[in-house]
>>> print(open('input_26.csv').read())   # CSV, C-alpha atoms
chain,number,residue,atom,x,y,z
T,1,MET,CA,-114.2,-119.9,31.8
T,2,ILE,CA,-115.2,-118.1,28.5
T,3,ARG,CA,-118.9,-118.1,27.8
T,4,ASN,CA,-120.0,-118.9,24.3
T,5,ASN,CA,-122.9,-116.5,24.3
T,6,ALA,CA,-120.8,-113.4,25.1
T,7,GLN,CA,-121.5,-110.5,22.9
T,8,ALA,CA,-119.0,-109.7,20.2
T,9,PRO,CA,-117.4,-106.3,20.3
T,10,LEU,CA,-119.1,-103.7,18.1
T,11,HIS,CA,-117.4,-102.3,15.0
T,12,PRO,CA,-116.0,-98.8,15.7
T,13,ALA,CA,-118.3,-97.3,13.0
T,14,THR,CA,-121.3,-99.0,14.5
T,15,ASP,CA,-120.3,-97.9,18.0
T,16,ALA,CA,-120.0,-94.3,16.7
T,17,ALA,CA,-123.4,-94.5,15.1
T,18,LEU,CA,-125.0,-95.7,18.3
T,19,LEU,CA,-123.4,-92.8,20.2
T,20,LEU,CA,-124.5,-90.2,17.7
T,21,ARG,CA,-128.0,-91.6,17.6
T,22,ARG,CA,-128.2,-91.4,21.4
T,23,ILE,CA,-126.9,-87.8,21.4
T,24,GLY,CA,-129.3,-86.8,18.6
T,25,PHE,CA,-132.3,-88.4,20.2
T,26,GLY,CA,-131.4,-87.1,23.6
T,27,THR,CA,-131.2,-83.6,22.1
T,28,LEU,CA,-134.9,-83.9,21.0
T,29,ALA,CA,-136.3,-85.8,24.0
T,30,LEU,CA,-134.2,-84.6,26.9
T,31,VAL,CA,-132.5,-81.3,26.1
T,32,LEU,CA,-135.3,-79.6,24.1
T,33,PRO,CA,-138.0,-79.4,26.9
T,34,LEU,CA,-135.4,-78.3,29.5
T,35,ALA,CA,-133.7,-75.7,27.2
T,36,ALA,CA,-137.0,-74.3,26.1
T,37,LEU,CA,-137.6,-73.0,29.6
T,38,VAL,CA,-134.6,-70.7,29.5
T,39,SER,CA,-134.3,-69.9,25.8
T,40,ARG,CA,-137.0,-68.7,23.4
T,41,ARG,CA,-135.2,-70.1,20.3
T,42,ALA,CA,-134.4,-73.5,21.8
T,43,ALA,CA,-136.6,-75.4,19.4
T,44,VAL,CA,-135.4,-73.6,16.3
T,45,VAL,CA,-131.8,-74.4,17.1
T,46,LEU,CA,-132.0,-77.9,18.8
T,47,VAL,CA,-134.4,-79.7,16.5
T,48,PRO,CA,-132.2,-79.3,13.3
T,49,ILE,CA,-129.2,-80.3,15.3
T,50,GLY,CA,-130.9,-83.5,16.7
T,51,VAL,CA,-132.1,-84.5,13.3
T,52,ALA,CA,-128.7,-83.9,11.7
T,53,LEU,CA,-127.1,-86.3,14.3
T,54,LEU,CA,-129.8,-88.9,13.6
T,55,ILE,CA,-129.1,-88.6,9.8
T,56,ILE,CA,-125.3,-89.0,10.3
T,57,ALA,CA,-125.8,-92.1,12.5
T,58,MET,CA,-128.1,-93.7,9.9
T,59,LEU,CA,-125.7,-92.9,7.0
T,60,ILE,CA,-122.9,-94.6,8.9
T,61,GLU,CA,-125.0,-97.8,9.5
T,62,GLU,CA,-127.4,-98.2,6.6
T,63,PRO,CA,-127.2,-95.5,4.0
T,64,ARG,CA,-129.2,-97.5,1.4
T,65,LYS,CA,-132.0,-98.0,3.9
T,66,PHE,CA,-132.1,-94.3,4.7
T,67,VAL,CA,-132.5,-93.4,1.0
T,68,ALA,CA,-135.1,-96.2,0.4
T,69,THR,CA,-137.2,-95.1,3.5
T,70,LEU,CA,-137.0,-91.5,2.5
T,71,ARG,CA,-138.2,-92.3,-1.0
T,72,ASP,CA,-141.1,-94.3,0.3
T,73,LEU,CA,-142.2,-91.5,2.6
T,74,VAL,CA,-142.0,-88.8,0.0
T,75,LEU,CA,-143.9,-90.9,-2.6
T,76,SER,CA,-146.6,-92.0,-0.1
T,77,ARG,CA,-150.1,-90.4,-0.5
T,78,PRO,CA,-149.7,-88.1,2.6
T,79,GLY,CA,-146.2,-87.2,1.5
T,80,VAL,CA,-147.3,-86.2,-2.0
T,81,ILE,CA,-150.2,-84.1,-0.6
T,82,LEU,CA,-147.9,-82.4,1.8
T,83,ILE,CA,-145.3,-81.6,-0.9
T,84,GLY,CA,-148.2,-80.3,-3.0
T,85,LEU,CA,-149.2,-78.0,-0.2
T,86,ILE,CA,-145.7,-76.6,0.2
T,87,GLY,CA,-145.5,-76.1,-3.5
T,88,TRP,CA,-148.8,-74.2,-3.5
T,89,ALA,CA,-147.5,-72.0,-0.6
T,90,PHE,CA,-144.4,-71.1,-2.7
T,91,LEU,CA,-146.6,-70.5,-5.8
T,92,SER,CA,-148.7,-68.0,-3.7
T,93,LEU,CA,-145.6,-65.8,-3.5
T,94,VAL,CA,-146.4,-64.7,-7.1
T,95,TRP,CA,-149.5,-62.8,-6.0
T,96,SER,CA,-148.6,-62.1,-2.4
T,97,PRO,CA,-148.2,-58.3,-1.7
T,98,PHE,CA,-145.4,-59.1,0.8
T,99,PRO,CA,-143.1,-61.5,-1.1
T,100,VAL,CA,-140.0,-61.1,1.1
T,101,THR,CA,-141.7,-62.0,4.4
T,102,ALA,CA,-143.8,-64.6,2.6
T,103,ALA,CA,-140.7,-66.3,1.3
T,104,GLU,CA,-139.3,-66.5,4.8
T,105,LYS,CA,-142.6,-68.1,6.0
T,106,ALA,CA,-142.6,-70.5,3.1
T,107,GLY,CA,-139.0,-71.4,3.9
T,108,ASN,CA,-139.9,-72.2,7.5
T,109,LEU,CA,-142.7,-74.5,6.4
T,110,MET,CA,-140.5,-76.3,3.9
T,111,LEU,CA,-137.7,-76.7,6.6
T,112,ALA,CA,-140.2,-78.3,9.0
T,113,VAL,CA,-141.4,-80.7,6.3
T,114,VAL,CA,-137.9,-81.6,5.2
T,115,LEU,CA,-136.8,-82.3,8.8
T,116,GLY,CA,-139.8,-84.4,9.3
T,117,PHE,CA,-139.1,-86.6,6.2
T,118,VAL,CA,-135.4,-87.0,6.8
T,119,GLY,CA,-135.8,-87.4,10.6
T,120,LEU,CA,-138.3,-90.3,10.2
T,121,SER,CA,-136.1,-91.9,7.6
T,122,ALA,CA,-133.1,-91.7,9.9
T,123,LEU,CA,-134.8,-93.6,12.7
T,124,PRO,CA,-133.6,-97.3,13.0
T,125,GLU,CA,-136.0,-100.2,12.6
T,126,ARG,CA,-135.7,-100.9,16.3
T,127,MET,CA,-135.2,-98.2,18.9
T,128,ARG,CA,-133.5,-99.1,22.1
T,129,SER,CA,-135.5,-98.7,25.3
T,130,SER,CA,-132.6,-96.9,26.9
T,131,ASN,CA,-133.0,-94.1,24.3
T,132,LEU,CA,-136.8,-94.0,24.5
T,133,ASN,CA,-136.7,-93.7,28.3
T,134,LEU,CA,-135.3,-90.2,27.7
T,135,VAL,CA,-138.7,-89.1,26.4
T,136,ALA,CA,-140.4,-89.5,29.7
T,137,LEU,CA,-137.4,-88.4,31.7
T,138,GLY,CA,-137.0,-85.2,29.7
T,139,THR,CA,-140.7,-84.2,29.8
T,140,GLY,CA,-141.1,-85.1,33.5
T,141,SER,CA,-138.0,-83.3,34.7
T,142,ALA,CA,-138.8,-80.2,32.5
T,143,GLY,CA,-142.3,-80.2,33.9
T,144,LEU,CA,-141.1,-80.2,37.5
T,145,PHE,CA,-138.5,-77.5,36.7
T,146,ALA,CA,-141.3,-75.4,35.1
T,147,LEU,CA,-143.5,-75.7,38.1
T,148,GLY,CA,-140.6,-74.6,40.3
T,149,LEU,CA,-140.0,-71.5,38.1
T,150,ILE,CA,-143.7,-70.6,38.2
T,151,ALA,CA,-143.8,-71.0,42.0
T,152,VAL,CA,-140.7,-68.8,42.3
T,153,SER,CA,-142.4,-66.1,40.2
T,154,ALA,CA,-145.5,-66.3,42.3
T,155,LEU,CA,-143.6,-66.0,45.5
T,156,ARG,CA,-141.8,-62.9,44.1
T,157,HIS,CA,-145.2,-61.5,43.2
T,158,ALA,CA,-144.2,-61.1,39.6
T,159,GLU,CA,-147.1,-60.0,37.4
T,160,THR,CA,-146.1,-62.1,34.4
T,161,VAL,CA,-144.1,-65.3,33.9
T,162,PRO,CA,-141.0,-64.9,31.7
T,163,GLY,CA,-141.7,-65.4,28.0
T,164,ALA,CA,-139.3,-68.3,27.7
T,165,VAL,CA,-141.0,-70.1,30.6
T,166,GLU,CA,-144.4,-69.7,28.9
T,167,ARG,CA,-143.1,-71.0,25.6
T,168,GLY,CA,-141.3,-73.9,27.4
T,169,VAL,CA,-144.5,-74.9,29.2
T,170,SER,CA,-146.3,-75.0,25.8
T,171,ILE,CA,-143.6,-77.3,24.4
T,172,ILE,CA,-143.8,-79.6,27.5
T,173,LEU,CA,-147.5,-79.9,27.2
T,174,ILE,CA,-147.5,-81.1,23.6
T,175,MET,CA,-144.4,-83.3,24.3
T,176,ALA,CA,-146.2,-85.0,27.1
T,177,TRP,CA,-148.3,-87.2,24.8
T,178,PRO,CA,-145.5,-89.3,23.4
T,179,ALA,CA,-144.0,-89.6,26.9
T,180,LEU,CA,-147.3,-90.8,28.3
T,181,ALA,CA,-147.7,-93.2,25.3
T,182,TRP,CA,-144.3,-94.7,26.0
T,183,LEU,CA,-144.9,-95.2,29.7
T,184,LEU,CA,-148.3,-96.8,29.1
T,185,SER,CA,-147.0,-99.0,26.4
T,186,ARG,CA,-144.4,-100.3,28.9
T,187,GLU,CA,-147.1,-100.7,31.6
T,188,ARG,CA,-145.5,-98.2,33.9
T,189,GLY,CA,-148.8,-96.9,35.2
T,190,LEU,CA,-147.5,-95.2,38.3
T,191,SER,CA,-144.9,-93.2,36.4
T,192,ALA,CA,-147.6,-92.3,33.8
T,193,LEU,CA,-149.9,-91.1,36.6
T,194,GLY,CA,-147.2,-88.9,38.1
T,195,LEU,CA,-146.4,-87.4,34.7
T,196,ALA,CA,-150.1,-86.8,34.0
T,197,LEU,CA,-150.4,-84.9,37.3
T,198,VAL,CA,-147.4,-82.7,36.5
T,199,VAL,CA,-148.8,-81.9,33.1
T,200,THR,CA,-152.3,-81.2,34.5
T,201,LEU,CA,-150.8,-78.6,36.9
T,202,LEU,CA,-148.9,-77.0,34.1
T,203,ALA,CA,-151.9,-76.9,31.9
T,204,LEU,CA,-153.9,-75.1,34.6
T,205,THR,CA,-151.3,-72.3,34.5
T,206,ARG,CA,-152.1,-71.7,30.8
T,207,PHE,CA,-155.8,-71.3,31.0
T,208,GLU,CA,-156.0,-67.8,29.5
T,209,ASP,CA,-154.2,-68.8,26.3
T,210,GLY,CA,-156.5,-71.7,25.7
T,211,GLU,CA,-153.9,-74.5,26.3
T,212,THR,CA,-156.0,-75.9,29.2
T,213,LEU,CA,-159.0,-76.3,27.0
T,214,ALA,CA,-156.8,-77.8,24.2
T,215,MET,CA,-155.4,-80.3,26.6
T,216,ILE,CA,-158.9,-81.2,27.7
T,217,PHE,CA,-159.8,-81.9,24.1
T,218,GLY,CA,-156.7,-84.0,23.8
T,219,ALA,CA,-157.5,-86.0,26.9
T,220,ALA,CA,-161.0,-86.6,25.6
T,221,ALA,CA,-159.6,-87.9,22.3
T,222,PHE,CA,-157.2,-90.1,24.3
T,223,GLY,CA,-160.0,-91.7,26.2
T,224,ALA,CA,-162.2,-92.1,23.2
T,225,VAL,CA,-159.4,-93.9,21.2
T,226,THR,CA,-158.6,-96.1,24.1
T,227,VAL,CA,-162.2,-97.3,24.3
T,228,ASN,CA,-162.8,-97.7,20.5
T,229,PRO,CA,-159.7,-97.0,18.4
T,230,ARG,CA,-161.1,-97.5,14.9
T,231,ARG,CA,-164.4,-95.5,15.3
T,232,ALA,CA,-163.0,-92.7,17.5
T,233,THR,CA,-160.1,-92.2,15.1
T,234,ARG,CA,-162.3,-92.0,12.1
T,235,VAL,CA,-164.7,-89.5,13.8
T,236,ILE,CA,-161.9,-87.3,15.1
T,237,ALA,CA,-160.1,-87.3,11.7
T,238,THR,CA,-163.4,-86.4,9.9
T,239,ILE,CA,-164.2,-83.5,12.4
T,240,VAL,CA,-160.7,-82.0,12.1
T,241,ALA,CA,-160.6,-82.3,8.3
T,242,GLY,CA,-164.2,-81.0,8.0
T,243,LEU,CA,-163.4,-77.9,10.1
T,244,MET,CA,-160.4,-77.1,7.9
T,245,LEU,CA,-162.3,-77.7,4.7
T,246,PHE,CA,-165.6,-75.9,5.5
T,247,ALA,CA,-164.2,-73.1,7.7
T,248,PRO,CA,-165.8,-70.3,5.6
T,249,VAL,CA,-169.2,-71.5,6.6
T,250,LEU,CA,-168.4,-71.0,10.3
T,251,PRO,CA,-168.9,-67.2,10.5
T,252,PHE,CA,-172.4,-67.5,9.0
T,253,LEU,CA,-173.4,-70.4,11.3
T,254,LEU,CA,-172.0,-68.9,14.5
T,255,ALA,CA,-173.3,-65.4,13.9
T,256,PRO,CA,-176.8,-66.1,15.2
T,257,LEU,CA,-175.5,-68.0,18.2
T,258,VAL,CA,-173.1,-65.2,19.2
T,259,GLN,CA,-175.9,-62.7,19.2
T,260,VAL,CA,-177.6,-64.6,22.1
T,261,LEU,CA,-174.4,-64.4,24.2
T,262,PRO,CA,-173.8,-61.6,26.7
T,263,ASP,CA,-172.0,-58.4,25.8
T,264,SER,CA,-168.6,-59.9,26.7
T,265,ALA,CA,-168.7,-61.7,23.3
T,266,ASP,CA,-168.7,-58.5,21.3
T,267,GLY,CA,-165.1,-59.0,20.3
T,268,PHE,CA,-165.8,-62.5,19.0
T,269,ALA,CA,-168.9,-61.3,17.1
T,270,GLN,CA,-166.7,-58.5,15.5
T,271,MET,CA,-164.1,-61.1,14.3
T,272,LEU,CA,-166.9,-63.2,12.8
T,273,SER,CA,-168.3,-60.2,11.0
T,274,ILE,CA,-164.9,-59.3,9.6
T,275,TRP,CA,-164.5,-62.9,8.4
T,276,ALA,CA,-167.9,-62.9,6.7
T,277,ASP,CA,-167.1,-59.5,5.0
T,278,VAL,CA,-163.8,-60.9,3.6
T,279,ILE,CA,-165.7,-63.8,2.1
T,280,ARG,CA,-168.4,-61.6,0.5
T,281,GLN,CA,-165.9,-59.0,-0.8
T,282,SER,CA,-163.4,-61.4,-2.4
T,283,PRO,CA,-165.0,-64.5,-3.7
T,284,VAL,CA,-162.3,-65.2,-6.2
T,285,GLU,CA,-159.6,-65.3,-3.5
T,286,LEU,CA,-161.5,-68.1,-1.9
T,287,ILE,CA,-159.9,-70.3,-4.5
T,288,THR,CA,-156.4,-68.9,-4.8
T,289,GLY,CA,-156.0,-67.0,-1.5
T,290,HIS,CA,-154.4,-63.6,-1.0
T,291,GLY,CA,-150.9,-65.0,-0.8
T,292,LEU,CA,-148.7,-66.2,2.1
T,293,ASP,CA,-148.2,-64.0,5.1
T,294,THR,CA,-151.0,-61.6,4.2
T,295,VAL,CA,-152.9,-61.8,7.5
T,296,VAL,CA,-150.3,-60.4,9.9
T,297,ARG,CA,-148.9,-58.0,7.3
T,298,GLY,CA,-152.3,-57.0,6.1
T,299,GLN,CA,-153.3,-56.0,9.7
T,300,MET,CA,-150.1,-54.0,10.1
T,301,SER,CA,-150.6,-52.1,6.8
T,302,GLY,CA,-154.3,-51.6,7.3
T,303,THR,CA,-155.5,-53.6,4.3
T,304,LEU,CA,-157.1,-56.2,6.6
T,305,PRO,CA,-159.5,-54.8,9.3
T,306,GLN,CA,-158.7,-55.5,13.0
T,307,PRO,CA,-159.4,-57.6,14.9
T,308,ALA,CA,-159.2,-60.3,12.2
T,309,PRO,CA,-159.6,-63.9,13.5
T,310,ALA,CA,-156.4,-65.1,15.0
T,311,THR,CA,-156.9,-68.8,14.0
T,312,LEU,CA,-155.3,-71.2,11.6
T,313,LEU,CA,-158.6,-71.8,9.9
T,314,PHE,CA,-158.9,-68.2,8.8
T,315,GLU,CA,-155.2,-67.8,8.1
T,316,THR,CA,-155.2,-70.9,5.8
T,317,TRP,CA,-158.2,-69.8,3.8
T,318,TYR,CA,-157.2,-66.2,3.6
T,319,GLU,CA,-153.7,-66.9,2.5
T,320,LEU,CA,-153.9,-70.1,0.5
T,321,GLY,CA,-157.6,-70.4,-0.4
T,322,LEU,CA,-159.5,-73.5,-1.2
T,323,VAL,CA,-156.5,-75.3,-2.7
T,324,GLY,CA,-154.4,-74.9,0.4
T,325,ALA,CA,-157.3,-75.7,2.8
T,326,ALA,CA,-158.2,-78.8,0.9
T,327,ALA,CA,-154.6,-80.0,0.9
T,328,GLY,CA,-154.2,-79.2,4.6
T,329,ALA,CA,-157.5,-81.0,5.4
T,330,ALA,CA,-156.3,-84.1,3.5
T,331,CYS,CA,-152.9,-84.1,5.3
T,332,LEU,CA,-154.6,-83.9,8.7
T,333,TYR,CA,-157.1,-86.6,7.9
T,334,PHE,CA,-154.5,-89.1,6.7
T,335,ALA,CA,-152.1,-88.2,9.5
T,336,ILE,CA,-154.7,-88.8,12.2
T,337,ARG,CA,-155.9,-92.1,10.6
T,338,ALA,CA,-152.3,-93.2,10.5
T,339,ALA,CA,-151.8,-92.4,14.1
T,340,GLY,CA,-154.9,-94.3,15.0
T,341,ARG,CA,-153.5,-97.4,13.4
T,342,MET,CA,-150.7,-97.6,15.8
T,343,THR,CA,-150.9,-100.1,18.7
T,344,GLY,CA,-152.3,-99.6,22.1
T,345,ALA,CA,-151.5,-96.4,23.9
T,346,LEU,CA,-149.5,-95.1,20.9
T,347,ALA,CA,-152.7,-94.7,18.9
T,348,ALA,CA,-154.5,-92.9,21.7
T,349,GLY,CA,-151.4,-90.7,22.4
T,350,GLY,CA,-150.9,-89.9,18.7
T,351,VAL,CA,-154.5,-88.9,18.1
T,352,ALA,CA,-154.5,-86.9,21.3
T,353,ALA,CA,-151.4,-85.0,20.2
T,354,PHE,CA,-153.0,-84.1,16.8
T,355,THR,CA,-156.2,-83.0,18.6
T,356,THR,CA,-154.3,-80.8,21.1
T,357,ALA,CA,-152.2,-79.2,18.4
T,358,PHE,CA,-155.2,-78.6,16.1
T,359,ALA,CA,-157.3,-77.1,19.0
T,360,LEU,CA,-154.4,-74.8,19.8
T,361,SER,CA,-154.3,-73.6,16.2
T,362,VAL,CA,-158.0,-73.0,16.2
T,363,PHE,CA,-157.7,-70.9,19.3
T,364,GLY,CA,-155.0,-68.8,17.6
T,365,PHE,CA,-152.0,-70.1,19.5
T,366,ALA,CA,-148.7,-69.6,17.7
T,367,PRO,CA,-150.0,-70.1,14.1
T,368,LEU,CA,-147.2,-71.4,11.9
T,369,LEU,CA,-144.4,-69.7,14.0
T,370,PRO,CA,-140.9,-71.3,13.5
T,371,TRP,CA,-140.5,-72.5,17.1
T,372,TRP,CA,-144.0,-74.1,17.0
T,373,LEU,CA,-143.3,-75.8,13.7
T,374,MET,CA,-140.0,-77.2,15.0
T,375,THR,CA,-141.8,-78.4,18.2
T,376,LEU,CA,-144.4,-80.3,16.2
T,377,THR,CA,-141.7,-81.8,14.1
T,378,ALA,CA,-139.9,-83.1,17.2
T,379,VAL,CA,-143.2,-84.5,18.6
T,380,MET,CA,-143.8,-86.4,15.3
T,381,LEU,CA,-140.2,-87.8,15.5
T,382,LEU,CA,-140.7,-88.9,19.1
T,383,PHE,CA,-143.9,-90.8,18.2
T,384,GLY,CA,-142.1,-92.4,15.3
T,385,ALA,CA,-139.3,-93.5,17.6
T,386,VAL,CA,-141.7,-94.8,20.2
T,387,ALA,CA,-143.6,-96.8,17.6
T,388,ARG,CA,-140.3,-98.5,16.5
T,389,GLY,CA,-139.6,-99.4,20.1
T,390,GLN,CA,-142.7,-101.7,20.4
T,391,TYR,CA,-140.9,-104.9,19.3
T,392,ARG,CA,-140.9,-106.7,22.6
T,393,THR,CA,-142.7,-110.1,22.3
T,394,ASP,CA,-143.6,-112.7,24.8
T,395,ARG,CA,-141.4,-115.8,25.0
T,396,PRO,CA,-143.3,-118.8,23.8
T,397,ALA,CA,-143.9,-121.6,26.3
T,398,VAL,CA,-141.9,-124.8,25.8
T,399,PRO,CA,-144.3,-127.7,25.6
T,400,LEU,CA,-143.5,-130.5,28.1
T,401,PRO,CA,-143.6,-134.1,26.9
T,402,ALA,CA,-146.8,-135.8,27.9
T,403,ARG,CA,-146.4,-138.8,30.2
T,404,PRO,CA,-148.3,-142.0,29.1
T,405,VAL,CA,-151.2,-143.1,31.3
T,406,GLY,CA,-150.2,-145.7,33.8
T,407,GLN,CA,-146.5,-145.2,33.3
T,408,THR,CA,-144.6,-144.3,36.4
T,409,ARG,CA,-141.0,-143.3,37.0
T,410,PRO,CA,-138.8,-146.4,37.7
T,411,LYS,CA,-137.5,-146.5,41.3
T,412,ALA,CA,-133.8,-146.4,41.9
T,413,ALA,CA,-132.3,-149.7,43.0
T,414,ARG,CA,-131.3,-149.9,46.6
T,415,PRO,CA,-127.7,-150.5,47.2
T,416,PRO,CA,-126.8,-153.8,48.8
T,417,VAL,CA,-126.5,-153.8,52.5
T,418,GLY,CA,-123.3,-155.0,54.0
>>> encode(input="input_26.csv", output="structure tokens")
Amino acid sequence: MIRNNAQAPLHPATDAALLLRRIGFGTLALVLPLAALVSRRAAVVLVPIGVALLIIAMLIEEPRKFVATLRDLVLSRPGVILIGLIGWAFLSLVWSPFPVTAAEKAGNLMLAVVLGFVGLSALPERMRSSNLNLVALGTGSAGLFALGLIAVSALRHAETVPGAVERGVSIILIMAWPALAWLLSRERGLSALGLALVVTLLALTRFEDGETLAMIFGAAAFGAVTVNPRRATRVIATIVAGLMLFAPVLPFLLAPLVQVLPDSADGFAQMLSIWADVIRQSPVELITGHGLDTVVRGQMSGTLPQPAPATLLFETWYELGLVGAAAGAACLYFAIRAAGRMTGALAAGGVAAFTTAFALSVFGFAPLLPWWLMTLTAVMLLFGAVARGQYRTDRPAVPLPARPVGQTRPKAARPPVG
């Protein structure tokens, strides 16, 4: 017998769009963390491919909605500020002493921003759970694979872990936050606990590069937002934006404290001294900056003393000045506040991801390198997809008719005997 509620067959174009979306999202969620353990350029190659497949899928299904969503994102307040920051970075090429390499760096920044805008616009209004399960599956399987590779290197008494594995572990750590947020939003506590254990073991292998401490900051932010989402988000956003905006004050505030530390902090004290000298010698460049890509190239050419601070705070102020730092602080503030407005575990995971990434940049980890920019773009898209998968609602209870008092069910008549 034919059932009336049987699903109608999908249109071929719709079926193709669903397949392309699954492949594109699987490239970001499943293939990227695994491929990053064996290839150093995995993020640079796979993220644009995954976003391109998502765009094609959306153009097949709802091209008008894609254009409308993209327009809304670009014209939003954070979008306008971010576009202004990219525009200022390109304008700094005029006075940068290294225009060729600076143009390449500006192009990488613009590519990451464009992929973020079009990728978010290409996500459907409702993401399927079957696609979102790939986020936890990819991160968990890549984490176990990474632990195996690290164990093999230790058994072989290798002095260092291969560079691709180190970079892949960094990608897994930052991608763990959307995976944990998805598992917790679906009340899969045991799976989330297992993933957290794998991520903790991986983070402990990256203690020297500061990733362990950055993950601790992220975990603290996760707990704080879980307890009090509104207040914790506001405090974290203010701290992050304040550090970015008032970074030139740090060398003068920290210099007296560093003098009390033991002799092992001499390198840190020297970096603070160089930062303070740069501020005193070039007050005009505090407004405009020296131009994009002048920190690394300046150290190579000798125009900037070594060891200069290897942190995003110094790099932003030295290259883009007050204008770039103010725009960057505003972008971080609004982005963290927007993450904190998500529901449940998504808010905690989003704020924790921003906290971890910012802490890594403060510690001088991969500042604005192409693979790191692509990784952050992928993490943002994963959070956007997980947020659009939270449409499950409880089925309302059907009220039963009340029985009048004193009324009983009539008894069935007995059949005649005989």
>>> closest_residue(input="input_26.csv", among="T:Ala329, T:Val38, T:Val225, T:Val249", to="Met342 in chain T", atoms="all atoms listed in the file")
T:Val225
>>> residues_around(input="input_26.csv", residues="range 197-210 of chain T", least_positions_apart="4", cutoff="9 Å", atoms="all atoms listed in the file", output="PyMOL selection string")
chain T and resi 140+143-144+146-147+150+166+169-170+172-173+176+192-193+214-215+359-360+363-365
>>> closest_residue(input="input_26.csv", among="T:Ile60, T:Arg167, T:Val44, T:Val258", to="His11 in chain T", atoms="only C-alpha atoms")
T:Ile60
>>> atom_distance(input="input_26.csv", atom1="CA of Val47 in chain T", atom2="CA of Asn131 in chain T")
16.4 Å
>>> closest_residue(input="input_26.csv", among="T:Gly168, T:Pro178, T:Pro309, T:Pro78", to="Trp371 in chain T", atoms="all atoms listed in the file")
T:Gly168
>>> closest_residue(input="input_26.csv", among="T:Leu245, T:Ile336, T:Ala35, T:Ala102", to="Phe145 in chain T", atoms="all atoms listed in the file")
T:Ala35
>>> residues_around(input="input_26.csv", residues="Leu320 in chain T", least_positions_apart="2", cutoff="8 Å", atoms="only C-alpha atoms", output="list of chain:residue names")
T:Trp88, T:Ala89, T:Ser92, T:Ile287, T:Thr288, T:Gly289, T:His290, T:Gly291, T:Leu292, T:Thr316, T:Trp317, T:Tyr318, T:Leu322, T:Val323, T:Gly324, T:Ala325
>>> residues_near_point(input="input_26.csv", point="(-158.1, -66.2, 15.7)", cutoff="12 Å", atoms="all atoms listed in the file", output="MDAnalysis selection string")
chainID T and resid 209:210 267:272 274:275 295:296 306:316 359:367
>>> atom_distance(input="input_26.csv", atom1="CA of Leu137 in chain T", atom2="CA of Ala36 in chain T")
15.2 Å
>>> atom_distance(input="input_26.csv", atom1="CA of Thr233 in chain T", atom2="CA of Ala196 in chain T")
22.1 Å
>>> closest_residue(input="input_26.csv", among="T:Leu134, T:Ala219, T:Leu54, T:Ile239", to="Thr356 in chain T", atoms="only C-alpha atoms")
T:Ala219
>>> closest_residue(input="input_26.csv", among="T:Ala112, T:Leu190, T:Val118, T:Ala179", to="Asp72 in chain T", atoms="all atoms listed in the file")
T:Val118
